[in-house]
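The next block is final_37.txt, given as compact mmCIF, C-alpha atoms and all ligand atoms.
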```txt
# COMPACT_ATOMS: atom_id res chain seq x y z
CA MET A 1 283.61 140.82 40.79
CA GLU A 2 280.26 141.42 42.39
CA LYS A 3 277.20 141.17 40.19
CA PRO A 4 274.88 144.21 40.11
CA SER A 5 271.79 143.49 42.20
CA ARG A 6 268.46 143.47 40.40
CA LYS A 7 265.03 143.58 41.89
CA PRO A 8 262.98 140.53 41.07
CA PRO A 9 260.18 141.42 38.65
CA THR A 10 256.90 142.00 40.44
CA GLU A 11 254.65 141.44 37.43
CA ASP A 12 254.94 139.35 34.33
CA THR A 13 255.29 142.39 32.10
CA GLY A 14 258.99 142.31 31.37
CA PHE A 15 259.16 145.98 32.34
CA ALA A 16 259.56 145.57 36.10
CA GLU A 17 262.90 147.37 35.97
CA LEU A 18 261.10 150.55 35.01
CA GLY A 19 259.56 150.75 38.46
CA PRO A 20 256.18 149.95 39.90
CA GLU A 21 254.51 153.12 38.56
CA THR A 22 255.19 152.50 34.87
CA ALA A 23 254.57 148.76 35.19
CA LYS A 24 250.85 149.27 35.79
CA TRP A 25 249.40 148.43 32.41
CA LYS A 26 245.84 149.23 31.67
CA LEU A 27 244.61 146.71 29.16
CA ARG A 28 241.81 148.15 27.04
CA LYS A 29 239.13 145.65 26.14
CA PRO A 30 238.20 145.79 22.46
CA PRO A 31 234.50 145.85 21.53
CA ASP A 32 232.74 142.52 21.05
CA PRO A 33 233.64 141.17 17.62
CA LYS A 34 231.22 139.91 15.01
CA ARG A 35 231.52 136.35 13.79
CA ARG A 36 232.05 136.47 10.04
CA LEU A 37 230.67 133.49 8.14
CA ARG A 38 230.60 132.76 4.43
CA VAL A 39 227.28 131.76 2.88
CA TYR A 40 225.64 131.50 -0.54
CA ALA A 41 224.19 134.99 -1.17
CA LEU A 42 220.84 133.41 -2.14
CA ASP A 43 221.35 129.75 -3.06
CA PRO A 44 223.72 127.69 -5.25
CA SER A 45 221.76 128.52 -8.46
CA VAL A 46 223.24 132.05 -8.55
CA GLY A 47 226.71 130.63 -9.19
CA LYS A 48 225.53 128.27 -11.93
CA THR A 49 225.25 130.98 -14.60
CA LEU A 50 228.17 133.09 -15.79
CA ASP A 51 226.05 136.27 -15.61
CA SER A 52 225.66 136.13 -11.83
CA ILE A 53 228.60 134.03 -10.65
CA ALA A 54 230.31 137.18 -9.28
CA ILE A 55 227.72 137.43 -6.49
CA ASN A 56 227.45 133.73 -5.68
CA GLU A 57 228.64 134.13 -2.12
CA THR A 58 228.64 136.75 0.62
CA THR A 59 229.94 136.99 4.18
CA LEU A 60 227.48 137.58 7.01
CA SER A 61 228.56 139.23 10.27
CA VAL A 62 226.58 137.63 13.06
CA ARG A 63 226.51 138.23 16.78
CA TRP A 64 229.37 136.73 18.80
CA ASP A 65 227.29 134.01 20.44
CA ASP A 66 230.15 132.84 22.67
CA THR A 67 230.99 133.77 26.26
CA PRO A 68 233.17 132.02 28.87
CA SER A 69 230.02 130.96 30.73
CA ALA A 70 228.12 129.96 27.55
CA PRO A 71 230.57 128.99 24.79
CA LEU A 72 229.41 128.27 21.26
CA LYS A 73 229.69 124.50 21.03
CA PRO A 74 230.19 122.35 17.94
CA GLY A 75 226.88 121.99 16.10
CA PRO A 76 226.77 124.97 16.28
CA VAL A 77 224.92 125.03 19.60
CA GLY A 78 224.65 128.54 21.02
CA GLU A 79 222.42 130.74 23.11
CA TYR A 80 219.53 130.75 20.60
CA LEU A 81 220.00 127.82 18.26
CA GLU A 82 220.96 124.17 18.18
CA ILE A 83 221.87 122.70 14.80
CA VAL A 84 221.31 118.93 14.85
CA ASP A 85 222.57 117.20 11.72
CA ILE A 86 220.85 113.85 11.70
CA ASP A 87 219.81 112.44 8.34
CA PRO A 88 217.24 109.71 9.06
CA ALA A 89 216.79 108.80 5.36
CA SER A 90 220.50 107.90 5.05
CA ASN A 91 220.82 106.77 8.67
CA LYS A 92 223.70 109.21 9.13
CA LEU A 93 224.86 111.65 11.75
CA TYR A 94 227.16 114.29 10.27
CA ASP A 95 230.05 115.64 12.36
CA PRO A 96 229.10 119.04 13.80
CA VAL A 97 230.99 122.11 12.65
CA ASP A 98 233.18 123.81 15.27
CA LEU A 99 233.03 127.49 14.37
CA ASN A 100 235.47 128.28 17.20
CA SER A 101 238.30 126.28 15.63
CA TYR A 102 241.08 128.73 14.77
CA GLN A 103 241.26 127.48 11.18
CA LEU A 104 237.61 128.44 10.60
CA LEU A 105 237.81 131.67 12.62
CA ALA A 106 240.73 132.79 10.46
CA GLN A 107 238.94 132.29 7.14
CA ASP A 108 235.33 133.26 7.91
CA GLY A 109 234.19 129.64 8.13
CA TRP A 110 233.97 127.02 5.41
CA PRO A 111 233.75 128.19 1.79
CA PRO A 112 230.31 127.61 0.20
CA SER A 113 229.96 124.01 -0.94
CA GLU A 114 226.98 121.82 -1.78
CA GLY A 115 228.94 118.69 -0.83
CA ASN A 116 230.13 119.67 2.65
CA PRO A 117 227.57 119.03 5.43
CA GLN A 118 229.59 121.22 7.82
CA PHE A 119 229.12 124.17 5.46
CA HIS A 120 225.37 123.39 5.41
CA GLN A 121 225.33 123.62 9.23
CA GLN A 122 227.31 126.88 9.10
CA MET A 123 224.95 128.47 6.54
CA VAL A 124 221.80 127.51 8.45
CA TYR A 125 223.31 128.98 11.64
CA ALA A 126 224.53 132.21 9.97
CA VAL A 127 221.25 133.05 8.18
CA ALA A 128 219.12 132.04 11.20
CA MET A 129 221.20 134.25 13.53
CA THR A 130 220.95 137.15 11.03
CA THR A 131 217.14 136.82 11.02
CA ILE A 132 217.06 136.76 14.83
CA GLU A 133 219.19 139.92 14.96
CA HIS A 134 216.84 141.75 12.58
CA PHE A 135 213.86 140.89 14.80
CA GLU A 136 215.66 141.89 18.01
CA LYS A 137 216.78 145.19 16.50
CA ALA A 138 213.21 146.06 15.49
CA LEU A 139 211.60 144.80 18.71
CA GLY A 140 214.20 146.35 21.01
CA ARG A 141 214.40 143.23 23.16
CA LYS A 142 215.47 139.63 23.14
CA ILE A 143 213.29 137.18 21.24
CA LEU A 144 211.70 134.17 22.93
CA TRP A 145 210.73 130.85 21.39
CA ALA A 146 207.19 129.65 21.94
CA PRO A 147 207.09 127.39 25.02
CA ARG A 148 206.44 123.69 24.77
CA ASP A 149 203.36 122.47 26.55
CA ALA A 150 202.96 118.87 27.57
CA LYS A 151 200.76 116.79 29.79
CA THR A 152 202.09 116.29 33.27
CA ARG A 153 203.11 112.82 34.36
CA ASN A 154 200.48 112.87 37.02
CA GLY A 155 198.23 110.01 35.96
CA THR A 156 195.31 111.25 38.04
CA ASP A 157 195.09 114.51 36.17
CA GLU A 158 195.49 113.73 32.45
CA ASP A 159 194.32 117.10 31.22
CA LYS A 160 196.65 119.12 33.34
CA ARG A 161 199.29 120.66 31.09
CA LYS A 162 202.67 121.99 31.96
CA ILE A 163 204.52 124.72 30.08
CA TYR A 164 208.24 124.22 29.44
CA GLU A 165 210.59 126.95 28.36
CA VAL A 166 212.35 126.32 25.04
CA PRO A 167 215.85 127.75 25.37
CA ARG A 168 217.02 126.90 21.86
CA LEU A 169 215.28 126.37 18.57
CA ARG A 170 216.47 123.18 16.89
CA LEU A 171 217.38 123.24 13.23
CA TYR A 172 217.77 119.99 11.26
CA PRO A 173 219.56 120.69 7.92
CA HIS A 174 218.96 117.20 6.48
CA ALA A 175 215.77 116.02 8.20
CA LEU A 176 213.68 115.00 5.20
CA ARG A 177 214.26 113.51 1.77
CA THR A 178 211.58 115.56 0.04
CA ASP A 179 211.03 118.96 -1.59
CA ASN A 180 209.87 120.64 1.59
CA ALA A 181 211.00 122.51 4.69
CA TYR A 182 208.84 123.54 7.61
CA TYR A 183 208.71 124.86 11.14
CA SER A 184 207.17 122.34 13.52
CA PRO A 185 205.33 124.12 16.37
CA ASP A 186 205.14 120.81 18.26
CA LYS A 187 208.84 119.97 18.04
CA LYS A 188 209.92 123.66 18.24
CA ALA A 189 212.23 122.86 15.38
CA ILE A 190 212.78 123.61 11.70
CA LEU A 191 213.15 120.61 9.40
CA PHE A 192 214.85 121.10 6.04
CA GLY A 193 214.52 118.64 3.16
CA TYR A 194 216.69 117.67 0.20
CA PHE A 195 215.78 116.00 -3.08
CA PRO A 196 217.00 115.30 -6.62
CA SER A 197 216.09 118.13 -8.97
CA SER A 198 213.32 117.65 -11.51
CA SER A 199 214.28 120.84 -13.34
CA SER A 200 214.27 121.19 -17.11
CA GLY A 201 217.33 121.56 -19.33
CA ASP A 202 216.91 125.36 -19.58
CA ASP A 203 217.06 125.91 -15.81
CA ALA A 204 220.23 126.95 -13.97
CA THR A 205 219.75 123.90 -11.74
CA ALA A 206 220.82 120.72 -13.54
CA PRO A 207 218.19 117.96 -13.72
CA GLY A 208 218.95 115.20 -11.21
CA SER A 209 221.36 117.30 -9.12
CA MET A 210 220.68 117.41 -5.38
CA VAL A 211 218.79 120.45 -4.07
CA PHE A 212 219.18 121.28 -0.37
CA ALA A 213 216.55 123.54 1.20
CA CYS A 214 219.08 124.36 3.94
CA LEU A 215 221.29 126.10 1.34
CA SER A 216 218.59 128.64 0.43
CA SER A 217 218.87 131.79 2.53
CA ASP A 218 215.26 132.59 1.56
CA ILE A 219 213.93 129.30 2.92
CA ILE A 220 215.96 129.62 6.15
CA ALA A 221 214.72 133.21 6.71
CA HIS A 222 211.12 132.22 5.84
CA GLU A 223 211.02 129.28 8.26
CA MET A 224 212.81 131.26 10.98
CA THR A 225 210.09 133.90 10.69
CA HIS A 226 207.43 131.24 11.33
CA ALA A 227 209.30 130.24 14.52
CA LEU A 228 209.84 133.85 15.64
CA LEU A 229 206.18 134.76 14.98
CA ASP A 230 205.11 131.69 16.96
CA GLY A 231 207.15 133.04 19.89
CA LEU A 232 205.46 136.44 19.58
CA HIS A 233 201.86 135.35 18.92
CA ARG A 234 201.26 131.75 19.90
CA ARG A 235 197.64 131.50 18.77
CA TYR A 236 198.59 132.48 15.21
CA GLU A 237 199.26 128.81 14.51
CA GLU A 238 195.50 128.25 14.85
CA ALA A 239 193.61 128.80 11.61
CA SER A 240 190.56 130.55 13.09
CA ASN A 241 190.02 132.16 9.68
CA LEU A 242 191.67 132.16 6.24
CA ASP A 243 193.82 135.19 6.98
CA VAL A 244 195.67 133.74 9.97
CA LEU A 245 197.83 131.21 8.14
CA ALA A 246 197.99 133.50 5.07
CA PHE A 247 199.44 136.22 7.30
CA HIS A 248 202.08 133.78 8.64
CA GLU A 249 203.12 132.86 5.07
CA GLY A 250 203.04 136.41 3.75
CA PHE A 251 205.00 137.83 6.67
CA ALA A 252 207.65 135.10 6.32
CA ASP A 253 208.09 135.96 2.61
CA ILE A 254 208.33 139.70 3.39
CA VAL A 255 211.15 139.10 5.90
CA ALA A 256 213.02 136.86 3.42
CA LEU A 257 212.60 139.41 0.59
CA PHE A 258 213.82 142.41 2.58
CA GLN A 259 216.86 140.50 3.82
CA HIS A 260 218.02 140.65 0.16
CA PHE A 261 218.45 144.40 0.58
CA THR A 262 220.95 143.95 3.40
CA ILE A 263 223.42 142.36 0.94
CA GLU A 264 224.68 145.56 -0.65
CA GLU A 265 226.93 143.91 -3.25
CA MET A 266 223.96 141.97 -4.65
CA VAL A 267 221.76 145.09 -4.82
CA HIS A 268 224.63 146.94 -6.54
CA PHE A 269 225.03 144.11 -9.07
CA GLU A 270 221.32 144.04 -9.95
CA ILE A 271 220.91 147.82 -10.15
CA ASP A 272 223.88 148.00 -12.51
CA ARG A 273 222.47 145.16 -14.62
CA VAL A 274 218.93 146.57 -14.96
CA ARG A 275 219.99 150.24 -15.04
CA GLY A 276 218.19 151.04 -11.79
CA ASP A 277 214.80 149.65 -12.89
CA LEU A 278 213.68 147.33 -10.06
CA SER A 279 210.70 146.17 -12.11
CA ALA A 280 213.12 144.48 -14.54
CA GLU A 281 215.43 142.65 -12.15
CA GLY A 282 215.36 138.94 -11.41
CA LEU A 283 217.18 138.23 -8.13
CA LEU A 284 215.99 140.68 -5.47
CA GLY A 285 212.22 140.27 -5.86
CA ALA A 286 212.19 136.47 -6.24
CA LEU A 287 212.43 133.75 -3.59
CA ALA A 288 214.14 130.34 -3.56
CA LYS A 289 215.11 130.02 -7.23
CA GLN A 290 216.97 126.71 -6.94
CA PHE A 291 214.23 125.12 -4.85
CA GLY A 292 211.58 126.34 -7.33
CA GLU A 293 213.48 124.99 -10.34
CA GLY A 294 214.31 121.74 -8.57
CA SER A 295 210.67 121.09 -7.77
CA GLY A 296 209.70 121.57 -11.42
CA ARG A 297 208.32 125.12 -11.33
CA ARG A 298 210.66 126.37 -14.10
CA GLY A 299 211.61 129.38 -11.96
CA PRO A 300 211.72 130.72 -8.38
CA LEU A 301 209.32 129.40 -5.76
CA ARG A 302 207.68 132.84 -5.72
CA ASP A 303 208.48 135.88 -7.87
CA TYR A 304 207.09 139.25 -6.77
CA VAL A 305 208.46 141.08 -9.83
CA LYS A 306 207.03 138.89 -12.58
CA ILE A 307 203.81 138.06 -10.72
CA ASP A 308 200.61 139.01 -12.60
CA LYS A 309 198.73 141.18 -10.14
CA ASN A 310 195.43 140.34 -11.84
CA THR A 311 195.78 136.80 -10.50
CA LEU A 312 195.91 138.07 -6.90
CA ARG A 313 192.25 137.90 -5.91
CA TYR A 314 191.69 138.22 -2.18
CA GLU A 315 188.02 137.23 -2.39
CA ASP A 316 188.78 133.96 -4.24
CA GLU A 317 192.11 132.77 -2.85
CA ALA A 318 191.99 130.35 0.09
CA GLU A 319 195.42 128.64 -0.06
CA ALA A 320 197.65 130.18 2.63
CA HIS A 321 200.76 130.88 0.49
CA ALA A 322 198.80 132.31 -2.43
CA ARG A 323 196.61 134.43 -0.15
CA GLY A 324 199.71 135.61 1.74
CA SER A 325 201.29 136.60 -1.61
CA ILE A 326 198.70 139.37 -1.93
CA LEU A 327 200.10 141.05 1.20
CA VAL A 328 203.70 140.51 0.02
CA TYR A 329 202.98 141.99 -3.41
CA ALA A 330 201.35 145.07 -1.84
CA VAL A 331 204.33 145.68 0.47
CA TYR A 332 206.94 145.04 -2.24
CA ASP A 333 205.13 147.22 -4.78
CA ALA A 334 204.99 150.07 -2.23
CA PHE A 335 208.71 149.59 -1.56
CA ARG A 336 209.59 149.87 -5.26
CA LYS A 337 207.48 153.04 -5.57
CA ILE A 338 209.20 154.61 -2.56
CA VAL A 339 212.62 153.76 -4.05
CA GLY A 340 211.48 155.35 -7.34
CA ARG A 341 210.45 158.57 -5.60
CA ARG A 342 213.60 158.76 -3.50
CA THR A 343 215.89 158.27 -6.47
CA ALA A 344 214.09 160.38 -9.09
CA ASP A 345 216.27 163.40 -8.27
CA LEU A 346 219.46 161.35 -8.75
CA VAL A 347 218.29 160.23 -12.18
CA ARG A 348 217.36 163.83 -13.12
CA LEU A 349 220.80 165.05 -12.01
CA ALA A 350 222.46 162.33 -14.05
CA THR A 351 220.41 163.09 -17.19
CA ALA A 352 220.52 166.89 -17.29
CA GLY A 353 216.93 167.05 -16.04
CA SER A 354 215.31 164.75 -18.63
CA GLY A 355 214.97 161.75 -16.28
CA LYS A 356 215.58 159.47 -19.28
CA LEU A 357 218.74 157.40 -19.03
CA PRO A 358 220.74 157.02 -22.26
CA ALA A 359 221.17 153.56 -23.78
CA GLY A 360 223.97 151.35 -22.50
CA THR A 361 225.46 150.95 -19.07
CA ILE A 362 224.89 153.73 -16.55
CA SER A 363 227.57 155.66 -14.69
CA PRO A 364 229.22 153.74 -11.80
CA ASP A 365 228.64 156.81 -9.59
CA LEU A 366 224.92 156.65 -10.30
CA VAL A 367 224.87 152.90 -9.60
CA ASN A 368 226.57 153.53 -6.24
CA ARG A 369 224.09 156.24 -5.24
CA LEU A 370 221.04 154.26 -6.42
CA THR A 371 222.31 151.24 -4.47
CA SER A 372 222.82 153.26 -1.34
CA GLU A 373 219.30 154.78 -1.50
CA THR A 374 217.66 151.43 -2.32
CA CYS A 375 219.40 149.69 0.61
CA LYS A 376 218.42 152.55 2.93
CA VAL A 377 214.74 152.23 1.97
CA GLY A 378 215.04 148.42 2.22
CA ALA A 379 216.50 148.65 5.74
CA ALA A 380 213.79 151.11 6.83
CA ARG A 381 211.02 148.90 5.36
CA SER A 382 212.57 145.84 6.96
CA ALA A 383 212.72 147.47 10.41
CA HIS A 384 209.15 148.73 9.97
CA VAL A 385 207.87 145.30 8.96
CA HIS A 386 209.67 143.51 11.82
CA SER A 387 208.38 146.02 14.36
CA ARG A 388 204.80 145.55 13.05
CA ALA A 389 204.99 142.02 14.46
CA ARG A 390 205.17 143.52 17.94
CA LEU A 391 202.09 145.67 17.35
CA LEU A 392 199.83 142.88 16.14
CA PRO A 393 197.06 141.94 18.53
CA ALA A 394 198.51 139.66 21.19
CA SER A 395 197.14 136.17 21.58
ZN ZN F 401 205.82 129.08 5.26
```
What would you get if you wrote out this structure as structure tokens?
Ligand SMILES: [Zn+2]
Amino acid sequence: MEKPSRKPPTEDTGFAELGPETAKWKLRKPPDPKRRLRVYALDPSVGKTLDSIAINETTLSVRWDDTPSAPLKPGPVGEYLEIVDIDPASNKLYDPVDLNSYQLLAQDGWPPSEGNPQFHQQMVYAVAMTTIEHFEKALGRKILWAPRDAKTRNGTDEDKRKIYEVPRLRLYPHALRTDNAYYSPDKKAILFGYFPSSSSGDDATAPGSMVFACLSSDIIAHEMTHALLDGLHRRYEEASNLDVLAFHEGFADIVALFQHFTIEEMVHFEIDRVRGDLSAEGLLGALAKQFGEGSGRRGPLRDYVKIDKNTLRYEDEAEAHARGSILVYAVYDAFRKIVGRRTADLVRLATAGSGKLPAGTISPDLVNRLTSETCKVGAARSAHVHSRARLLPAS
């Protein structure tokens, strides 16, 4: 018996028998994905008390920094950043995290862990990329790192300097064994320290436990802002008067503070806990709690809710961080007042016009609406603050 003749398939679709017309598949390209990465919401101290353990971690959605021509390499090393995990104090080089491995892609990266250097690299990358995205959104363009300038090798002309482009900012998660972290304008790098905690028994951070600056989203955002500002206004690293360095410090704190209001679940948690009163909360308006406790301050590194405004004296204060705090307090206080005005109607509706909330927990519906309004004001303030950087006098 003769076999029925079949046309050989023309395309590798498996549907060639249907004819050439129907075999033309149009593959739709999905939009660029976001890379989802798990991080500590603020730092490991949040998970050390039962009250706040529920919001210990969050997942950030960062830009997909990976193309066929420029893949995200282990490190991570991408278009903007290069994480270099050398620990000179221990004489160690930690294996770089490969965020493109399918195991990590499938579970939003490593789970938060103080003992896993690859998670440290992941967290530094995720928070740094988030900060970059906030700046680019407000500026409406790509950010640039400040160029490196160096003397030319021409021995006859020692003073001649050459400018080199810096394609990637380098971040060293374990660069120093000390309670410090800083942006180095010379190295075009951010160096994070780690140290044994000298906290007291009442603190959330146990005395003697290791504190890593690279696990504080506030410290990463603060130092990233120094680097981003240096790229925008290169002469702002020169202290021509007291306000220049104070501005750098204040602006870096403002960016770190307003990034809290992009983590909606944390804002929701705090608003529920303090019944909508932002002047009573303890997580959103404070910076680097674990680092502050670990370095013996008995609380966050800076707290813009509990701060005594009578101590903020512009005419007397010369230290850059303290002088910068005056600007941060003014901006944060204005933010809280705007939130109060924008939510007063919600509170009146929820209290039959009295504006006075009854004792006890408040309605979950009211918490949801207060959270939504607070985050909206936070996002608007954040965009406004970031875009101010563009309008500052150029160097
Ligand atoms: Zn600083």
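Residue nearest ligand ZN 401 (chain F), chosen from A:Lys34, A:Lys356, A:His321, A:Arg177 and counting all atoms listed in the file: A:His321.
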For ligand ZN 401 (chain F), return the neighbouring residues as a PyMOL selection string (distance at most 7 Å; only C-alpha atoms and all ligand atoms). chain A and resi 182+222-223+226+248-249+252
Got time to write the residues from that selection, C-alpha atoms, as a compact mmCIF listing (two decimals), in the frame of the given file?
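Resulting contents of part_30.txt:
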```txt
# COMPACT_ATOMS: atom_id res chain seq x y z
CA TYR A 182 208.84 123.54 7.61
CA HIS A 222 211.12 132.22 5.84
CA GLU A 223 211.02 129.28 8.26
CA HIS A 226 207.43 131.24 11.33
CA HIS A 248 202.08 133.78 8.64
CA GLU A 249 203.12 132.86 5.07
CA ALA A 252 207.65 135.10 6.32
```
Within 10 Å of (212.9, 124.4, -7.9) (coordinates as in the file), grab all the protein and nucleic acid residues, counting all atoms listed in the file, and write them out as a list of chain:residue names.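 In the file's frame, the residues around the point are A:Ser45, A:Asp179, A:Ser197, A:Ser198, A:Ser199, A:Ser200, A:Asp203, A:Ala204, A:Thr205, A:Val211, A:Ala213, A:Ala288, A:Lys289, A:Gln290, A:Phe291, A:Gly292, A:Glu293, A:Gly294, A:Ser295, A:Gly296, A:Arg297, A:Arg298, A:Gly299, A:Pro300, A:Leu301.
From atom CA of A:Tyr80 back to atom CA of A:Lys92, the distance works out to 24.8 Å.
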Around stretch 39-44 of chain A, with edges along x, y and z and 4 Å added on all six sides, what centre and edge lengths do you get, in Å to one decimal, as AutoDock Vina command-line options?
```
--center_x 224.1 --center_y 131.3 --center_z -1.2 --size_x 14.4 --size_y 15.3 --size_z 16.1
```
Could you jot down the atom CA of A:Leu169 to atom CA of A:Leu81 separation for me, Å, one decimal place?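 Computing the Euclidean distance for atom CA of A:Leu169 and atom CA of A:Leu81 yields 4.9 Å.
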Would you work out the distance separating atom CA of A:Leu312 from atom CA of A:Asp243, expressed in Å to one decimal?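 Between atom CA of A:Leu312 and atom CA of A:Asp243 the gap is 14.3 Å.
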Selected residue, from A:Arg302, A:Lys309, A:Arg36, A:Arg369, that lies nearest to A:Met129 when counting all atoms listed in the file: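 Among the listed residues, the smallest separation from A:Met129 belongs to A:Arg36.
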Which of A:Leu284, A:Ile190, A:Ala380, A:Ala89 sits closest to A:Glu265 [using all atoms listed in the file]: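 Result for the nearest residue to A:Glu265: A:Leu284.
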Mind filling out stretch 276-288 of chain A with N, CA and C atoms and sending it as a tab-separated table (two decimals), in the coordinates of the input?
```tsv
chain	number	residue	atom	x	y	z
A	276	GLY	N	218.97	150.39	-12.85
A	276	GLY	CA	218.19	151.04	-11.79
A	276	GLY	C	216.71	150.72	-11.80
A	277	ASP	N	216.24	149.93	-12.78
A	277	ASP	CA	214.80	149.65	-12.89
A	277	ASP	C	214.46	148.36	-12.13
A	278	LEU	N	213.95	148.51	-10.90
A	278	LEU	CA	213.68	147.33	-10.06
A	278	LEU	C	212.55	146.46	-10.60
A	279	SER	N	211.78	146.99	-11.56
A	279	SER	CA	210.70	146.17	-12.11
A	279	SER	C	211.23	145.23	-13.19
A	280	ALA	N	212.55	145.34	-13.50
A	280	ALA	CA	213.12	144.48	-14.54
A	280	ALA	C	214.10	143.47	-13.98
A	281	GLU	N	214.37	143.52	-12.68
A	281	GLU	CA	215.43	142.65	-12.15
A	281	GLU	C	214.89	141.25	-11.82
A	282	GLY	N	215.81	140.32	-11.57
A	282	GLY	CA	215.36	138.94	-11.41
A	282	GLY	C	215.84	138.25	-10.14
A	283	LEU	N	216.67	138.90	-9.32
A	283	LEU	CA	217.18	138.23	-8.13
A	283	LEU	C	216.55	138.75	-6.84
A	284	LEU	N	216.37	140.08	-6.76
A	284	LEU	CA	215.99	140.68	-5.47
A	284	LEU	C	214.52	140.42	-5.12
A	285	GLY	N	213.66	140.39	-6.13
A	285	GLY	CA	212.22	140.27	-5.86
A	285	GLY	C	211.70	138.84	-5.97
A	286	ALA	N	212.61	137.86	-6.11
A	286	ALA	CA	212.19	136.47	-6.24
A	286	ALA	C	212.71	135.67	-5.05
A	287	LEU	N	212.04	134.56	-4.75
A	287	LEU	CA	212.43	133.75	-3.59
A	287	LEU	C	212.72	132.31	-4.01
A	288	ALA	N	213.80	131.77	-3.46
A	288	ALA	CA	214.14	130.34	-3.56
A	288	ALA	C	214.15	129.83	-4.99
```
